[in-house]
Every structure is written in C-alpha cells, then in structure tokens.
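Chemist: Sharing start33.txt (compact mmCIF, C-alpha atoms and all ligand atoms) below.
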```txt
# COMPACT_ATOMS: atom_id res chain seq x y z
CA MET A 24 95.52 115.06 119.74
CA ASP A 25 95.45 112.88 116.67
CA GLN A 26 98.89 111.33 116.71
CA ALA A 27 99.44 108.93 113.86
CA LEU A 28 101.95 106.09 113.93
CA SER A 29 103.04 103.57 111.35
CA PHE A 30 106.05 101.45 110.46
CA ILE A 31 107.27 99.64 107.40
CA GLN A 32 109.41 96.51 107.21
CA PRO A 33 112.77 96.58 105.44
CA THR A 34 112.23 93.14 103.93
CA GLY A 35 112.91 94.08 100.31
CA HIS A 36 112.40 96.99 97.97
CA VAL A 37 109.61 99.47 98.74
CA THR A 38 106.66 98.70 96.44
CA LEU A 39 103.95 100.73 94.77
CA GLY A 40 101.53 98.81 97.03
CA ASN A 41 103.36 100.17 100.10
CA TYR A 42 103.15 103.66 98.66
CA ILE A 43 99.47 103.57 97.71
CA GLY A 44 98.18 101.58 100.68
CA ALA A 45 100.29 103.22 103.36
CA LEU A 46 103.11 105.72 102.72
CA SER A 47 101.11 108.22 100.66
CA HIS A 48 98.72 108.64 103.61
CA TRP A 49 101.42 109.26 106.20
CA LYS A 50 101.66 112.95 107.13
CA PRO A 51 104.25 114.63 109.36
CA THR A 52 101.88 116.10 111.92
CA PRO A 53 103.28 117.12 115.33
CA GLY A 54 103.68 114.11 117.63
CA SER A 55 103.36 111.53 114.86
CA VAL A 56 105.78 108.60 114.69
CA PHE A 57 107.06 106.75 111.61
CA GLY A 58 109.78 104.20 111.38
CA VAL A 59 111.56 101.29 109.87
CA CYS A 60 110.55 98.20 111.85
CA ASP A 61 113.82 96.41 111.27
CA LEU A 62 113.37 94.02 114.20
CA HIS A 63 110.36 92.65 112.33
CA ALA A 64 112.58 91.78 109.37
CA ILE A 65 114.52 89.01 111.10
CA THR A 66 111.60 86.66 111.76
CA VAL A 67 112.82 84.80 108.70
CA GLU A 68 116.51 84.26 107.99
CA ARG A 69 117.95 87.14 105.99
CA PRO A 70 121.50 87.84 104.81
CA PRO A 71 122.94 90.76 106.85
CA GLU A 72 123.78 92.75 103.70
CA ALA A 73 120.18 92.43 102.50
CA LEU A 74 118.83 93.59 105.85
CA HIS A 75 121.19 96.56 105.85
CA ALA A 76 120.32 97.59 102.27
CA GLY A 77 116.60 97.22 102.98
CA ILE A 78 116.85 99.43 106.07
CA MET A 79 118.64 102.19 104.14
CA GLU A 80 116.12 102.11 101.30
CA VAL A 81 113.07 102.35 103.55
CA LEU A 82 114.73 105.09 105.60
CA SER A 83 115.48 107.05 102.42
CA VAL A 84 111.81 106.92 101.43
CA LEU A 85 110.56 108.07 104.85
CA VAL A 86 113.00 110.99 104.82
CA ALA A 87 112.19 111.79 101.16
CA LEU A 88 108.56 112.13 102.25
CA ASP A 89 109.67 114.64 104.95
CA LEU A 90 108.19 112.51 107.71
CA HIS A 91 110.97 113.65 110.07
CA THR A 92 109.82 117.28 109.91
CA ASN A 93 107.16 119.37 111.67
CA GLY A 94 107.54 117.66 115.06
CA SER A 95 107.09 114.17 113.62
CA LEU A 96 109.68 111.39 114.10
CA VAL A 97 111.51 108.96 111.83
CA PHE A 98 113.80 106.33 113.31
CA LEU A 99 114.90 102.68 113.27
CA GLN A 100 113.03 100.41 115.66
CA SER A 101 116.25 98.53 116.49
CA GLY A 102 117.71 101.79 117.85
CA VAL A 103 115.11 102.06 120.63
CA PRO A 104 115.41 99.09 123.05
CA ALA A 105 112.03 99.95 124.63
CA HIS A 106 110.33 98.20 121.66
CA ALA A 107 111.83 94.82 122.49
CA GLU A 108 111.24 95.25 126.21
CA MET A 109 107.61 96.28 125.74
CA ALA A 110 107.12 93.35 123.38
CA TRP A 111 108.17 90.93 126.13
CA LEU A 112 105.85 92.52 128.68
CA LEU A 113 102.94 92.30 126.21
CA GLU A 114 103.80 88.72 125.21
CA CYS A 115 102.88 87.88 128.76
CA VAL A 116 99.49 89.53 128.22
CA ALA A 117 98.82 88.00 124.78
CA HIS A 118 97.32 84.53 124.38
CA MET A 119 98.65 81.69 122.21
CA GLY A 120 95.14 81.25 120.81
CA GLU A 121 94.72 84.77 119.48
CA LEU A 122 98.17 84.76 117.90
CA SER A 123 97.46 81.37 116.29
CA ARG A 124 94.44 82.93 114.59
CA MET A 125 96.40 85.69 112.84
CA THR A 126 95.93 85.30 109.08
CA GLN A 127 99.61 85.85 108.32
CA PHE A 128 100.65 83.11 110.73
CA LYS A 129 97.98 80.74 109.45
CA ALA A 130 99.08 81.35 105.86
CA LYS A 131 102.83 81.06 106.30
CA GLY A 132 103.70 79.60 109.66
CA ARG A 133 101.23 77.12 111.03
CA GLY A 134 102.20 73.50 110.70
CA ASN A 135 105.83 74.37 110.03
CA ASP A 136 107.98 73.28 112.97
CA ALA A 137 110.94 75.33 111.82
CA VAL A 138 109.12 78.68 111.75
CA SER A 139 110.79 81.05 114.22
CA VAL A 140 109.25 81.93 117.56
CA GLY A 141 109.64 85.55 116.45
CA PHE A 142 107.43 84.91 113.43
CA PHE A 143 104.69 83.69 115.72
CA ALA A 144 105.10 86.53 118.22
CA TYR A 145 105.56 89.28 115.61
CA PRO A 146 102.10 90.87 116.02
CA VAL A 147 102.91 91.52 119.69
CA LEU A 148 106.04 93.43 118.70
CA MET A 149 103.83 95.47 116.40
CA ALA A 150 101.43 96.12 119.28
CA ALA A 151 104.40 97.28 121.35
CA ASP A 152 105.44 99.69 118.56
CA ILE A 153 102.00 101.25 118.62
CA LEU A 154 101.24 101.29 122.35
CA LEU A 155 104.59 102.79 123.38
CA TYR A 156 103.66 106.13 121.81
CA ASP A 157 99.95 106.50 122.66
CA ALA A 158 99.14 106.56 118.95
CA ALA A 159 95.52 107.46 118.20
CA THR A 160 95.49 106.33 114.57
CA VAL A 161 97.46 103.73 112.65
CA PRO A 162 97.38 104.30 108.87
CA VAL A 163 98.00 100.93 107.20
CA GLY A 164 96.92 98.80 104.25
CA GLU A 165 94.13 96.26 104.57
CA ASP A 166 96.50 93.37 105.39
CA GLN A 167 97.45 94.98 108.73
CA LYS A 168 93.92 95.59 110.03
CA GLN A 169 93.83 92.35 111.99
CA HIS A 170 97.11 93.22 113.73
CA VAL A 171 95.79 96.62 114.81
CA GLU A 172 92.68 94.92 116.16
CA LEU A 173 94.88 92.57 118.19
CA THR A 174 96.71 95.66 119.46
CA ARG A 175 93.39 97.10 120.64
CA ASP A 176 92.56 93.85 122.46
CA LEU A 177 95.95 93.79 124.17
CA ALA A 178 95.66 97.45 125.19
CA LEU A 179 92.23 96.89 126.70
CA ARG A 180 93.35 93.73 128.50
CA ALA A 181 96.46 95.41 129.92
CA ASN A 182 94.46 98.51 130.95
CA ASN A 183 91.98 96.25 132.66
CA ARG A 184 94.68 94.44 134.61
CA TYR A 185 97.11 97.23 135.36
CA GLY A 186 95.18 100.51 135.20
CA ASP A 187 94.72 103.03 132.45
CA ILE A 188 98.10 102.79 130.76
CA PHE A 189 97.56 102.60 127.03
CA THR A 190 95.67 104.61 124.42
CA VAL A 191 93.50 102.24 122.38
CA PRO A 192 94.38 102.95 118.71
CA ASP A 193 92.16 102.96 115.63
CA PRO A 194 93.30 101.52 112.30
CA VAL A 195 92.88 103.87 109.32
CA ILE A 196 92.52 101.97 106.06
CA PRO A 197 92.27 103.89 102.76
CA THR A 198 88.98 103.60 100.87
CA VAL A 199 90.79 103.28 97.54
CA GLY A 200 94.02 101.32 97.09
CA ALA A 201 94.11 99.48 100.43
CA ARG A 202 95.07 96.27 98.66
CA ILE A 203 97.02 96.67 95.43
CA MET A 204 97.44 93.41 93.56
CA SER A 205 100.35 91.97 91.56
CA LEU A 206 100.38 93.11 87.93
CA ARG A 207 101.14 89.53 86.86
CA THR A 208 98.82 87.63 89.18
CA PRO A 209 96.07 90.12 90.02
CA THR A 210 94.49 87.73 92.49
CA ASP A 211 97.59 87.99 94.77
CA LYS A 212 98.66 91.00 96.82
CA MET A 213 101.53 93.03 95.36
CA SER A 214 104.37 92.15 97.70
CA LYS A 215 108.03 92.87 98.41
CA SER A 216 108.75 89.17 98.59
CA THR A 217 107.50 87.61 95.39
CA ASP A 218 108.51 84.95 92.89
CA ASP A 219 107.39 87.12 89.98
CA PRO A 220 109.21 90.48 90.15
CA ASP A 221 107.44 91.74 87.00
CA GLY A 222 104.21 91.84 88.99
CA THR A 223 105.65 94.13 91.66
CA VAL A 224 106.33 97.78 90.82
CA LEU A 225 109.13 99.26 92.90
CA LEU A 226 108.94 102.84 94.06
CA LEU A 227 112.61 103.56 93.36
CA GLU A 228 113.14 101.75 90.07
CA PRO A 229 113.71 103.72 86.86
CA ALA A 230 110.61 105.19 85.19
CA ASP A 231 111.14 103.13 82.03
CA LYS A 232 111.11 99.92 83.98
CA ILE A 233 107.87 100.95 85.66
CA ARG A 234 106.28 101.69 82.26
CA LYS A 235 107.38 98.30 80.95
CA LYS A 236 105.79 96.48 83.88
CA PHE A 237 102.48 98.24 83.29
CA LEU A 238 102.53 97.50 79.57
CA SER A 239 102.94 93.79 80.30
CA ALA A 240 100.31 93.75 83.08
CA VAL A 241 98.01 90.73 82.86
CA THR A 242 94.47 91.69 81.79
CA ASP A 243 91.82 89.66 79.95
CA SER A 244 90.69 89.33 76.37
CA ASP A 245 87.49 91.36 76.05
CA ASN A 246 89.25 94.73 75.70
CA GLU A 247 86.68 96.68 77.73
CA VAL A 248 87.79 98.89 80.63
CA VAL A 249 85.26 98.21 83.39
CA TYR A 250 85.65 97.96 87.19
CA ASP A 251 84.70 94.40 88.11
CA PRO A 252 87.20 92.89 90.59
CA GLU A 253 85.65 89.44 90.41
CA HIS A 254 85.62 88.95 86.64
CA LYS A 255 88.27 91.47 85.60
CA PRO A 256 90.84 91.53 88.44
CA GLY A 257 93.70 92.84 86.27
CA ILE A 258 91.80 95.80 84.81
CA SER A 259 90.18 96.55 88.17
CA ASN A 260 93.59 96.66 89.85
CA LEU A 261 94.86 99.14 87.25
CA LEU A 262 91.76 101.30 87.81
CA GLU A 263 92.36 101.16 91.54
CA ILE A 264 95.99 102.27 91.10
CA ALA A 265 95.02 105.09 88.73
CA ALA A 266 92.23 106.32 91.02
CA ALA A 267 94.40 106.24 94.16
CA LEU A 268 97.17 108.28 92.56
CA SER A 269 95.21 110.73 90.41
CA GLY A 270 92.43 111.68 92.80
CA GLU A 271 89.96 111.03 89.97
CA ASP A 272 87.63 108.14 90.77
CA ARG A 273 87.54 104.67 89.20
CA ASP A 274 84.34 105.28 87.28
CA ALA A 275 85.69 108.43 85.64
CA TRP A 276 88.80 106.50 84.56
CA ALA A 277 86.74 103.59 83.30
CA GLN A 278 84.39 105.84 81.36
CA ARG A 279 87.20 107.72 79.67
CA HIS A 280 88.98 104.52 78.65
CA ARG A 281 86.06 102.18 78.19
CA THR A 282 86.72 101.62 74.48
CA SER A 283 90.19 103.11 74.09
CA GLY A 284 91.84 99.68 74.07
CA TYR A 285 93.97 98.11 76.80
CA GLY A 286 97.26 99.40 75.37
CA ALA A 287 96.29 103.06 75.62
CA PHE A 288 94.72 102.51 79.05
CA LYS A 289 97.87 100.84 80.42
CA ARG A 290 100.04 103.65 79.07
CA ALA A 291 97.82 106.23 80.76
CA VAL A 292 97.99 104.40 84.10
CA ALA A 293 101.77 104.04 83.81
CA GLU A 294 102.12 107.80 83.22
CA VAL A 295 100.08 108.66 86.33
CA VAL A 296 102.25 106.30 88.37
CA VAL A 297 105.53 107.61 86.99
CA GLU A 298 104.56 111.26 87.38
CA SER A 299 103.00 111.10 90.83
CA THR A 300 105.92 109.15 92.29
CA ALA A 301 108.72 111.05 90.52
CA PRO A 302 109.49 113.52 93.35
CA VAL A 303 109.82 110.85 96.07
CA ARG A 304 111.81 108.58 93.74
CA GLN A 305 114.24 111.35 92.86
CA ARG A 306 114.73 112.50 96.45
CA ALA A 307 115.10 109.02 97.91
CA ASN A 308 117.65 108.04 95.28
CA ASP A 309 119.62 111.23 96.02
CA LEU A 310 119.48 110.59 99.77
CA LEU A 311 120.76 107.03 99.32
CA ALA A 312 123.99 108.49 98.00
CA HIS A 313 124.64 109.98 101.47
CA PRO A 314 124.07 107.16 103.97
CA ASP A 315 125.72 108.98 106.88
CA ALA A 316 123.34 111.92 106.59
CA LEU A 317 120.39 109.54 106.46
CA LEU A 318 121.54 107.69 109.56
CA ALA A 319 121.99 111.02 111.35
CA VAL A 320 118.29 111.76 110.78
CA ALA A 321 117.39 108.34 112.22
CA LYS A 322 119.68 108.91 115.21
CA SER A 323 118.04 112.17 116.08
CA GLY A 324 114.58 110.59 115.71
CA GLN A 325 115.72 107.70 117.86
CA GLU A 326 116.68 109.95 120.75
CA SER A 327 113.29 111.68 120.75
CA ALA A 328 111.52 108.32 120.38
CA ALA A 329 113.36 106.86 123.39
CA ARG A 330 112.37 109.88 125.49
CA ARG A 331 108.72 109.12 124.76
CA ALA A 332 108.89 105.33 124.90
CA ASN A 333 110.97 104.78 128.05
CA PRO A 334 108.49 106.31 130.53
CA LYS A 335 105.74 104.12 129.07
CA VAL A 336 107.74 100.97 129.75
CA ALA A 337 108.57 102.22 133.24
CA ARG A 338 104.91 102.93 133.94
CA LEU A 339 103.76 99.46 132.89
CA LYS A 340 106.58 97.77 134.83
CA GLN A 341 105.70 99.68 137.96
CA ALA A 342 102.01 98.81 137.56
CA MET A 343 102.98 95.16 137.13
CA GLY A 344 104.83 95.22 140.45
CA PHE A 345 108.46 95.64 139.47
CA PRO A 346 110.23 97.80 142.08
CA THR A 347 111.57 101.10 140.83
CA ALA A 348 115.03 102.09 141.97
P1 LIG B 401 105.04 95.84 104.70
O1 LIG B 401 105.67 95.89 103.36
O2 LIG B 401 104.38 94.54 104.97
O3 LIG B 401 105.94 96.32 105.81
O4 LIG B 401 103.86 96.89 104.64
C1 LIG B 401 104.01 98.27 104.88
C2 LIG B 401 102.68 98.95 104.70
O5 LIG B 401 102.25 98.86 103.33
C3 LIG B 401 101.55 98.34 105.52
O6 LIG B 401 100.71 99.37 106.00
C4 LIG B 401 100.80 97.47 104.53
O7 LIG B 401 99.45 97.30 104.86
C5 LIG B 401 100.96 98.27 103.25
N1 LIG B 401 100.92 97.40 102.07
C6 LIG B 401 101.79 96.40 101.79
N2 LIG B 401 101.47 95.80 100.62
C7 LIG B 401 100.36 96.45 100.15
C8 LIG B 401 99.54 96.30 98.97
N3 LIG B 401 99.80 95.37 98.05
N4 LIG B 401 98.48 97.13 98.84
C9 LIG B 401 98.21 98.08 99.76
N5 LIG B 401 98.94 98.28 100.87
C10 LIG B 401 100.01 97.48 101.08
N1 LIG B 402 103.48 94.64 110.57
C1 LIG B 402 103.51 95.76 109.68
C2 LIG B 402 103.62 95.26 108.24
O1 LIG B 402 103.99 94.15 107.99
C3 LIG B 402 104.64 96.69 109.97
C4 LIG B 402 104.53 97.27 111.33
C5 LIG B 402 105.30 96.99 112.42
C6 LIG B 402 103.61 98.28 111.74
N2 LIG B 402 104.96 97.75 113.48
C7 LIG B 402 103.92 98.55 113.12
C8 LIG B 402 102.61 98.97 111.10
C9 LIG B 402 103.20 99.50 113.84
C10 LIG B 402 101.88 99.92 111.85
C11 LIG B 402 102.17 100.18 113.20
O2 LIG B 402 103.36 96.03 107.36
```
Now that the file is in, can you turn its structure into structure tokens?
Ligand code: AMP
Ligand code: TRP
Modeler:
Amino acid sequence: MDQALSFIQPTGHVTLGNYIGALSHWKPTPGSVFGVCDLHAITVERPPEALHAGIMEVLSVLVALDLHTNGSLVFLQSGVPAHAEMAWLLECVAHMGELSRMTQFKAKGRGNDAVSVGFFAYPVLMAADILLYDAATVPVGEDQKQHVELTRDLALRANNRYGDIFTVPDPVIPTVGARIMSLRTPTDKMSKSTDDPDGTVLLLEPADKIRKKFLSAVTDSDNEVVYDPEHKPGISNLLEIAAALSGEDRDAWAQRHRTSGYGAFKRAVAEVVVESTAPVRQRANDLLAHPDALLAVAKSGQESAARRANPKVARLKQAMGFPTA
C-alpha cells in the first residue's frame, strides 16, 4: 500500500511555490492523508484572525483539489489531539543535537533566546504527523527533505527501542520545481512570509495580478533565454516554473524562446501559470464563500483521522510501559 501523507502550514497565503513543489503532486489515493498543520503555525506569534484566515484558505485549496475524495482524508491537525500527544512521546526519543542541526532552526532560531520552544521542537511534531498514519511516502518540496530524514531516524530509533511500531517513510521530491525562487530575488526561495510580496505569486490572487508579477520578474540584461541557474537565476526560475506546469521540459521552452526577447517569454510563462491554476483558483475562491461547508469537510476528515491515529498512540504508550485501563 502506497499511502501518501503531507501537510501544509497556514502561515500566510498559499503560494505558487507550494503548488508546484507540493500540492500539484498530492493525489487522493485511498488511505492517503492531507491536512492543514495549524499547530505548526503558532511557533511564532501570530494574530488569531490571521491564523484563522490562513487555515480557511489552505483548507479551501485542499478541498478544491478534491483531496478529501476517493478514500483520502483532509482535516485540521489541531482537531486531532493525537498529534500533540505523539509529538510529546517522540520528543522524548529525539535528541537536542539532531534538532539543533536542522537547517530551518539554524537559519532562523539559533542564537535567539526568545525563539519559542515550539519552534525548536517543530520537526518532531512533523514526525508525529507522519508516523501516526503509517505513511509510506511524503510528497514535499526540497526544503522539507531534512525533516523527513529526521522522521526516518526517529522511527528507526523508536522501533529499535519499543518494537516494530512505525512505518519508515520515504520523502518524494519532484525532479522539476522542487524549489521555486522569488520572482524579485531569484536567489531566495519563494515564500509565504516575505518582505517583498511582488516576488511571491499567490495561488488565489486575481489572474491580472499574477501576470503583472511575472512581467516585472527580475531577470538579467543579456536577453537570451537559457537555463543556467548559477549565472541566470531569474530566467532559470521562470523556465523551471513553465516546465513544471506545462509538462514540456526546460530545454524545449528555452529553445522556443531563446531569441524571442524577455518580454514575450515572461508573457508566455504567465499564461501557463494563469491557465493551469485557473480551476483550483476558481473552486477555492468559491469554497471560501461557504466556510461552514468547508469546516464540515474538515470535521468529517478529522473523525476518520482520529480513528487511525489513536490506536497508534495507544500502541506506542503500551510499548513504553504505560498501563492500559
Ligand atoms: P509550507 O508553506 O512551508 O507549509 O510548505 C508546504 C509545502 O510546499 C512543503 O512541501 C514545501 O516543501 C513546499 N514549498 C514551499 N515553498 C516552496 C517553494 N518555493 N518551492 C517548492 N516547494 C515549496
Ligand atoms: N513542515 C512542513 C512545512 O513547513 C509542513 C508539515 C507539517 C508537513 N507536518 C508535515 C509536511 C507532515 C509533510 C508531512 O512545509
């Protein structure tokens, strides 16, 4: 059984990077699990209204992609207490040293006394998300590979100590589009939390706004469309986006546009983006107009998720020595 599992944080608007690197690869196969990891979103202080709006937006996208159909689940992590309980049990398996080596912590947390304990421990909560459901594959963008590898280490360590409890998952990283860069600073990852919103394309923003962002994408001055991430990061990023969404490879795109001028090339990329994302954008925006119906989908997913997750927690607790009533 190849059960896939992945989550997305409601820490801002859903980006084109999220779509290309992760969401577009998520498929509602029987037994698969997808969710909004809202508990992950409070590792830094966040206004309650922003958290709430972020949760609804991400949920609308997951439902617009039909990830709650065909025996696959969509739910909110905060609705299934087993995630927090499993995270505690695994925190007692994880080592300070391995968490200190996580790139995300090193980049944003280390050396800052006021960073939350949750920010430090966050990869263990992610491991709990994955291990609760015996996921075989975890489709994510490149930035999450290290966290899935930590999850594998924790699963093996726990299995070693307590018996064969967890399935050891494999990360699945796309070959094209695993790391989409900002359109304004093509050496930085396109991100939900950014100081330069023009560099981040949002999945649900109006098509005209998306086109405008592409037309003002930072490139270089030699006017030749060639894939060369080191010397031409802006153009290479646009080729990566076009290839990921069109199914036609980077070289074919580059050849066709080699001498067509940057303006025409950017317009062509913008059209592929607008067209390929139009159905999900339309559906998600429609769903957002009916928040109660959206939350009902999450509630039903939550009940099924708890039925799968609770026995896993019980099994680990029993193996650890906690008496069962
Ligand atoms: P996050 O927004 O951090 O919750 O990420 C959700 C998913 O999108 C994860 O699988 C990330 O690896 C993926 N992702 C986020 N940003 C990018 C990006 N710029 N390029 C490719 N994938 C991304
Ligand atoms: N940490 C992931 C991110 O920032 C989100 C996440 C949480 C996740 N739990 C997960 C991804 C479980 C895959 C599987 O993108």
Chemist: Go through the chains and note each residue within 6 Å of ligand LIG 402 (chain B), using all atoms listed in the file, then give the set as a ChimeraX atom specification.
Modeler: /A:28-32,60,149,152-153,161
Chemist: When distances are computed from all atoms listed in the file, which of A:Gln127, A:Asn135, A:Ser205, A:Gln305 shows the smallest separation from ligand LIG 401 (chain B)?
Modeler: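 Among A:Gln127, A:Asn135, A:Ser205, A:Gln305, it is A:Ser205 that comes nearest to ligand LIG 401 (chain B).
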Chemist: Please, which residues in chain A fall within 10 Å of ligand LIG 401 (chain B) when counting only C-alpha atoms and all ligand atoms, and what is the closest atom pair and distance in Å to one decimal for each, ordered by chain then residue number, as a Markdown table?
Modeler:
```
| residue | atom | partner | partner_atom | distance |
| --- | --- | --- | --- | --- |
| A:Ser29 | CA | B:LIG401 | O6 | 7.2 |
| A:Phe30 | CA | B:LIG401 | C1 | 6.7 |
| A:Ile31 | CA | B:LIG401 | O3 | 3.9 |
| A:Gln32 | CA | B:LIG401 | O3 | 3.7 |
| A:Pro33 | CA | B:LIG401 | O3 | 6.8 |
| A:Thr34 | CA | B:LIG401 | O1 | 7.1 |
| A:Gly35 | CA | B:LIG401 | O1 | 8.1 |
| A:His36 | CA | B:LIG401 | O1 | 8.7 |
| A:Val37 | CA | B:LIG401 | O1 | 7.0 |
| A:Thr38 | CA | B:LIG401 | N2 | 7.3 |
| A:Leu39 | CA | B:LIG401 | N3 | 7.5 |
| A:Gly40 | CA | B:LIG401 | C8 | 3.7 |
| A:Asn41 | CA | B:LIG401 | O5 | 3.7 |
| A:Tyr42 | CA | B:LIG401 | O5 | 6.8 |
| A:Ile43 | CA | B:LIG401 | C9 | 6.0 |
| A:Gly44 | CA | B:LIG401 | N5 | 3.4 |
| A:Ala45 | CA | B:LIG401 | O6 | 4.7 |
| A:Leu46 | CA | B:LIG401 | O5 | 6.9 |
| A:Ser47 | CA | B:LIG401 | O5 | 9.8 |
| A:His48 | CA | B:LIG401 | O6 | 9.8 |
| A:Trp49 | CA | B:LIG401 | O6 | 9.9 |
| A:Val59 | CA | B:LIG401 | O3 | 8.5 |
| A:Cys60 | CA | B:LIG401 | O3 | 7.8 |
| A:Asp61 | CA | B:LIG401 | O3 | 9.6 |
| A:His63 | CA | B:LIG401 | O3 | 8.7 |
| A:Ala64 | CA | B:LIG401 | O3 | 8.8 |
| A:Val81 | CA | B:LIG401 | O3 | 9.6 |
| A:Val161 | CA | B:LIG401 | O6 | 8.6 |
| A:Pro162 | CA | B:LIG401 | O6 | 6.6 |
| A:Val163 | CA | B:LIG401 | O6 | 3.3 |
| A:Gly164 | CA | B:LIG401 | O7 | 3.0 |
| A:Glu165 | CA | B:LIG401 | O7 | 5.4 |
| A:Asp166 | CA | B:LIG401 | O7 | 4.9 |
| A:Gln167 | CA | B:LIG401 | O7 | 4.9 |
| A:Lys168 | CA | B:LIG401 | O7 | 7.8 |
| A:Pro194 | CA | B:LIG401 | O6 | 10.0 |
| A:Val195 | CA | B:LIG401 | O6 | 9.6 |
| A:Ile196 | CA | B:LIG401 | O7 | 8.4 |
| A:Pro197 | CA | B:LIG401 | C9 | 8.8 |
| A:Val199 | CA | B:LIG401 | C9 | 9.3 |
| A:Gly200 | CA | B:LIG401 | C9 | 5.9 |
| A:Ala201 | CA | B:LIG401 | C9 | 4.4 |
| A:Arg202 | CA | B:LIG401 | N4 | 3.5 |
| A:Ile203 | CA | B:LIG401 | N4 | 3.7 |
| A:Met204 | CA | B:LIG401 | N3 | 5.4 |
| A:Ser205 | CA | B:LIG401 | N3 | 7.3 |
| A:Asp211 | CA | B:LIG401 | N3 | 8.4 |
| A:Lys212 | CA | B:LIG401 | N3 | 4.7 |
| A:Met213 | CA | B:LIG401 | N3 | 4.0 |
| A:Ser214 | CA | B:LIG401 | N2 | 5.5 |
| A:Lys215 | CA | B:LIG401 | O1 | 6.3 |
| A:Ser216 | CA | B:LIG401 | O1 | 8.8 |
| A:Thr223 | CA | B:LIG401 | N3 | 8.8 |
| A:Ile264 | CA | B:LIG401 | N4 | 9.6 |
```
Chemist: Dump as a PyMOL selection string all residues having an atom at most 12 Å from (116.8, 102.5, 100.8), computed in the file's coordinates with all atoms listed in the file.
Modeler: chain A and resi 31-38+59+73-87+225-228+303-304+306-314+317-318
Chemist: Taking into account all atoms listed in the file, which residue in the set A:Ala301, A:Val249, A:Leu96, A:Val67 is nearest to A:Gly132?
Modeler: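 Selected residue with least distance to A:Gly132: A:Val67.
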Chemist: Env of A:Phe142: 8 Å cut, atoms = only C-alpha atoms, seq-sep filter 2 positions within chain, self excluded. Answer as a list in words.
Modeler: Thr66, Val67, Phe128, Gly132, Val138, Ser139, Val140, Ala144 and Tyr145 of chain A
Chemist: What is the distance between atom CA of A:Lys322 and atom CA of A:Gly102, in Å to one decimal?
Modeler: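 Those two atoms sit 7.8 Å apart.
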Chemist: If we count only C-alpha atoms and set the cut-off at 7 Å, which residues sit around A:Ala110, ignoring sequence neighbours fewer than 3 positions away in its own chain? Please answer as a short mmCIF file (atom, residue, chain, number, x, y, z; two decimals) with C-alpha atoms, in the frame of the given file.
Modeler:
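To be explicit, this is the file written out as around25.cif:
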```cif
data_model
loop_
_atom_site.label_atom_id
_atom_site.label_comp_id
_atom_site.auth_asym_id
_atom_site.auth_seq_id
_atom_site.Cartn_x
_atom_site.Cartn_y
_atom_site.Cartn_z
CA HIS A 106 110.33 98.20 121.66
CA ALA A 107 111.83 94.82 122.49
CA LEU A 113 102.94 92.30 126.21
CA GLU A 114 103.80 88.72 125.21
CA VAL A 147 102.91 91.52 119.69
CA LEU A 148 106.04 93.43 118.70
CA ALA A 151 104.40 97.28 121.35
#
```
Chemist: Report as number ranges by chain all protein, DNA and RNA residues lying within 7 Å of stretch 116-126 of chain A, evaluated on all atoms listed in the file, omitting residues in the same chain fewer than 5 positions from it.
Modeler: A: 143, 177, 181
Chemist: Using all atoms listed in the file, which of A:Gly58, A:Arg69, A:Gly286, A:Ser323 sits nearest A:Leu99?
Modeler: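 Checking each candidate against A:Leu99, we get A:Gly58 as the closest.
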Chemist: Using all atoms listed in the file, which of the listed residues (A:Ala277, A:Ala27, A:Leu261, A:Ala342) sits closest to A:Asp187?
Modeler: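 Closest residue, counting all atoms listed in the file: A:Ala342.
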Chemist: Kindly indicate which residue among A:Asp157, A:Glu72, A:Asp89, A:Asp245 lies nearest to A:Gly54, using all atoms listed in the file for the distances.
Modeler: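 Closest candidate: A:Asp157.
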Chemist: Just checking: using only C-alpha atoms, which residue out of A:Pro70, A:Pro220, A:Pro53, A:Pro334 ends up closest to A:Leu155?
Modeler: A:Pro334
Chemist: Quote the spacing between atom CA of A:Val241 and atom CA of A:Pro256 in Å to one decimal place.
Modeler: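 According to the coordinates, atom CA of A:Val241 and atom CA of A:Pro256 are separated by 9.1 Å.
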Chemist: For atom CA of A:Val297 and atom CA of A:Val97, determine how far apart the two atoms are, in Å to one decimal place.
Modeler: 25.6 Å
Chemist: Residues near A:Thr347, anyone? I mean within 9 Å using only C-alpha atoms, not counting same-chain ones fewer than 6 positions away, as a ChimeraX atom specification.
Modeler: /A:337,340-341
Chemist: Excluding A:Gly222 and its own-chain neighbours fewer than 5 positions away, which residues fall within 8 Å of it when counting all atoms listed in the file? Please give them as number ranges by chain.
Modeler: A: 205-208, 213, 236, 240
Chemist: For stretch 125-134 of chain A, where the input has fewer atoms than it should, I would like N, CA, C and O atoms rebuilt and written as an mmCIF file, in the frame of the given file.
Modeler:
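The result, written out as rebuild.cif:
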```
data_model
loop_
_atom_site.group_PDB
_atom_site.id
_atom_site.type_symbol
_atom_site.label_atom_id
_atom_site.label_comp_id
_atom_site.auth_asym_id
_atom_site.auth_seq_id
_atom_site.Cartn_x
_atom_site.Cartn_y
_atom_site.Cartn_z
ATOM 1 N N MET A 125 96.001 84.611 113.761
ATOM 2 C CA MET A 125 96.400 85.690 112.840
ATOM 3 C C MET A 125 96.557 85.126 111.420
ATOM 4 O O MET A 125 97.232 84.108 111.217
ATOM 5 N N THR A 126 95.933 85.799 110.464
ATOM 6 C CA THR A 126 95.930 85.300 109.080
ATOM 7 C C THR A 126 97.344 85.049 108.563
ATOM 8 O O THR A 126 97.612 84.045 107.923
ATOM 9 N N GLN A 127 98.260 86.001 108.855
ATOM 10 C CA GLN A 127 99.610 85.850 108.320
ATOM 11 C C GLN A 127 100.288 84.597 108.859
ATOM 12 O O GLN A 127 100.965 83.876 108.135
ATOM 13 N N PHE A 128 100.057 84.321 110.146
ATOM 14 C CA PHE A 128 100.650 83.110 110.730
ATOM 15 C C PHE A 128 100.008 81.864 110.148
ATOM 16 O O PHE A 128 100.685 80.889 109.806
ATOM 17 N N LYS A 129 98.682 81.911 109.993
ATOM 18 C CA LYS A 129 97.980 80.740 109.450
ATOM 19 C C LYS A 129 98.459 80.449 108.029
ATOM 20 O O LYS A 129 98.635 79.307 107.632
ATOM 21 N N ALA A 130 98.701 81.532 107.258
ATOM 22 C CA ALA A 130 99.080 81.350 105.860
ATOM 23 C C ALA A 130 100.508 80.834 105.727
ATOM 24 O O ALA A 130 100.801 79.983 104.889
ATOM 25 N N LYS A 131 101.416 81.360 106.567
ATOM 26 C CA LYS A 131 102.830 81.060 106.300
ATOM 27 C C LYS A 131 103.536 80.280 107.378
ATOM 28 O O LYS A 131 104.635 79.776 107.152
ATOM 29 N N GLY A 132 102.937 80.183 108.571
ATOM 30 C CA GLY A 132 103.700 79.600 109.660
ATOM 31 C C GLY A 132 103.144 78.311 110.234
ATOM 32 O O GLY A 132 103.886 77.396 110.593
ATOM 33 N N ARG A 133 101.816 78.235 110.301
ATOM 34 C CA ARG A 133 101.230 77.120 111.030
ATOM 35 C C ARG A 133 101.571 75.791 110.380
ATOM 36 O O ARG A 133 101.534 75.653 109.157
ATOM 37 N N GLY A 134 101.894 74.825 111.219
ATOM 38 C CA GLY A 134 102.200 73.500 110.700
ATOM 39 C C GLY A 134 103.659 73.355 110.298
ATOM 40 O O GLY A 134 104.101 72.282 109.917
#
```
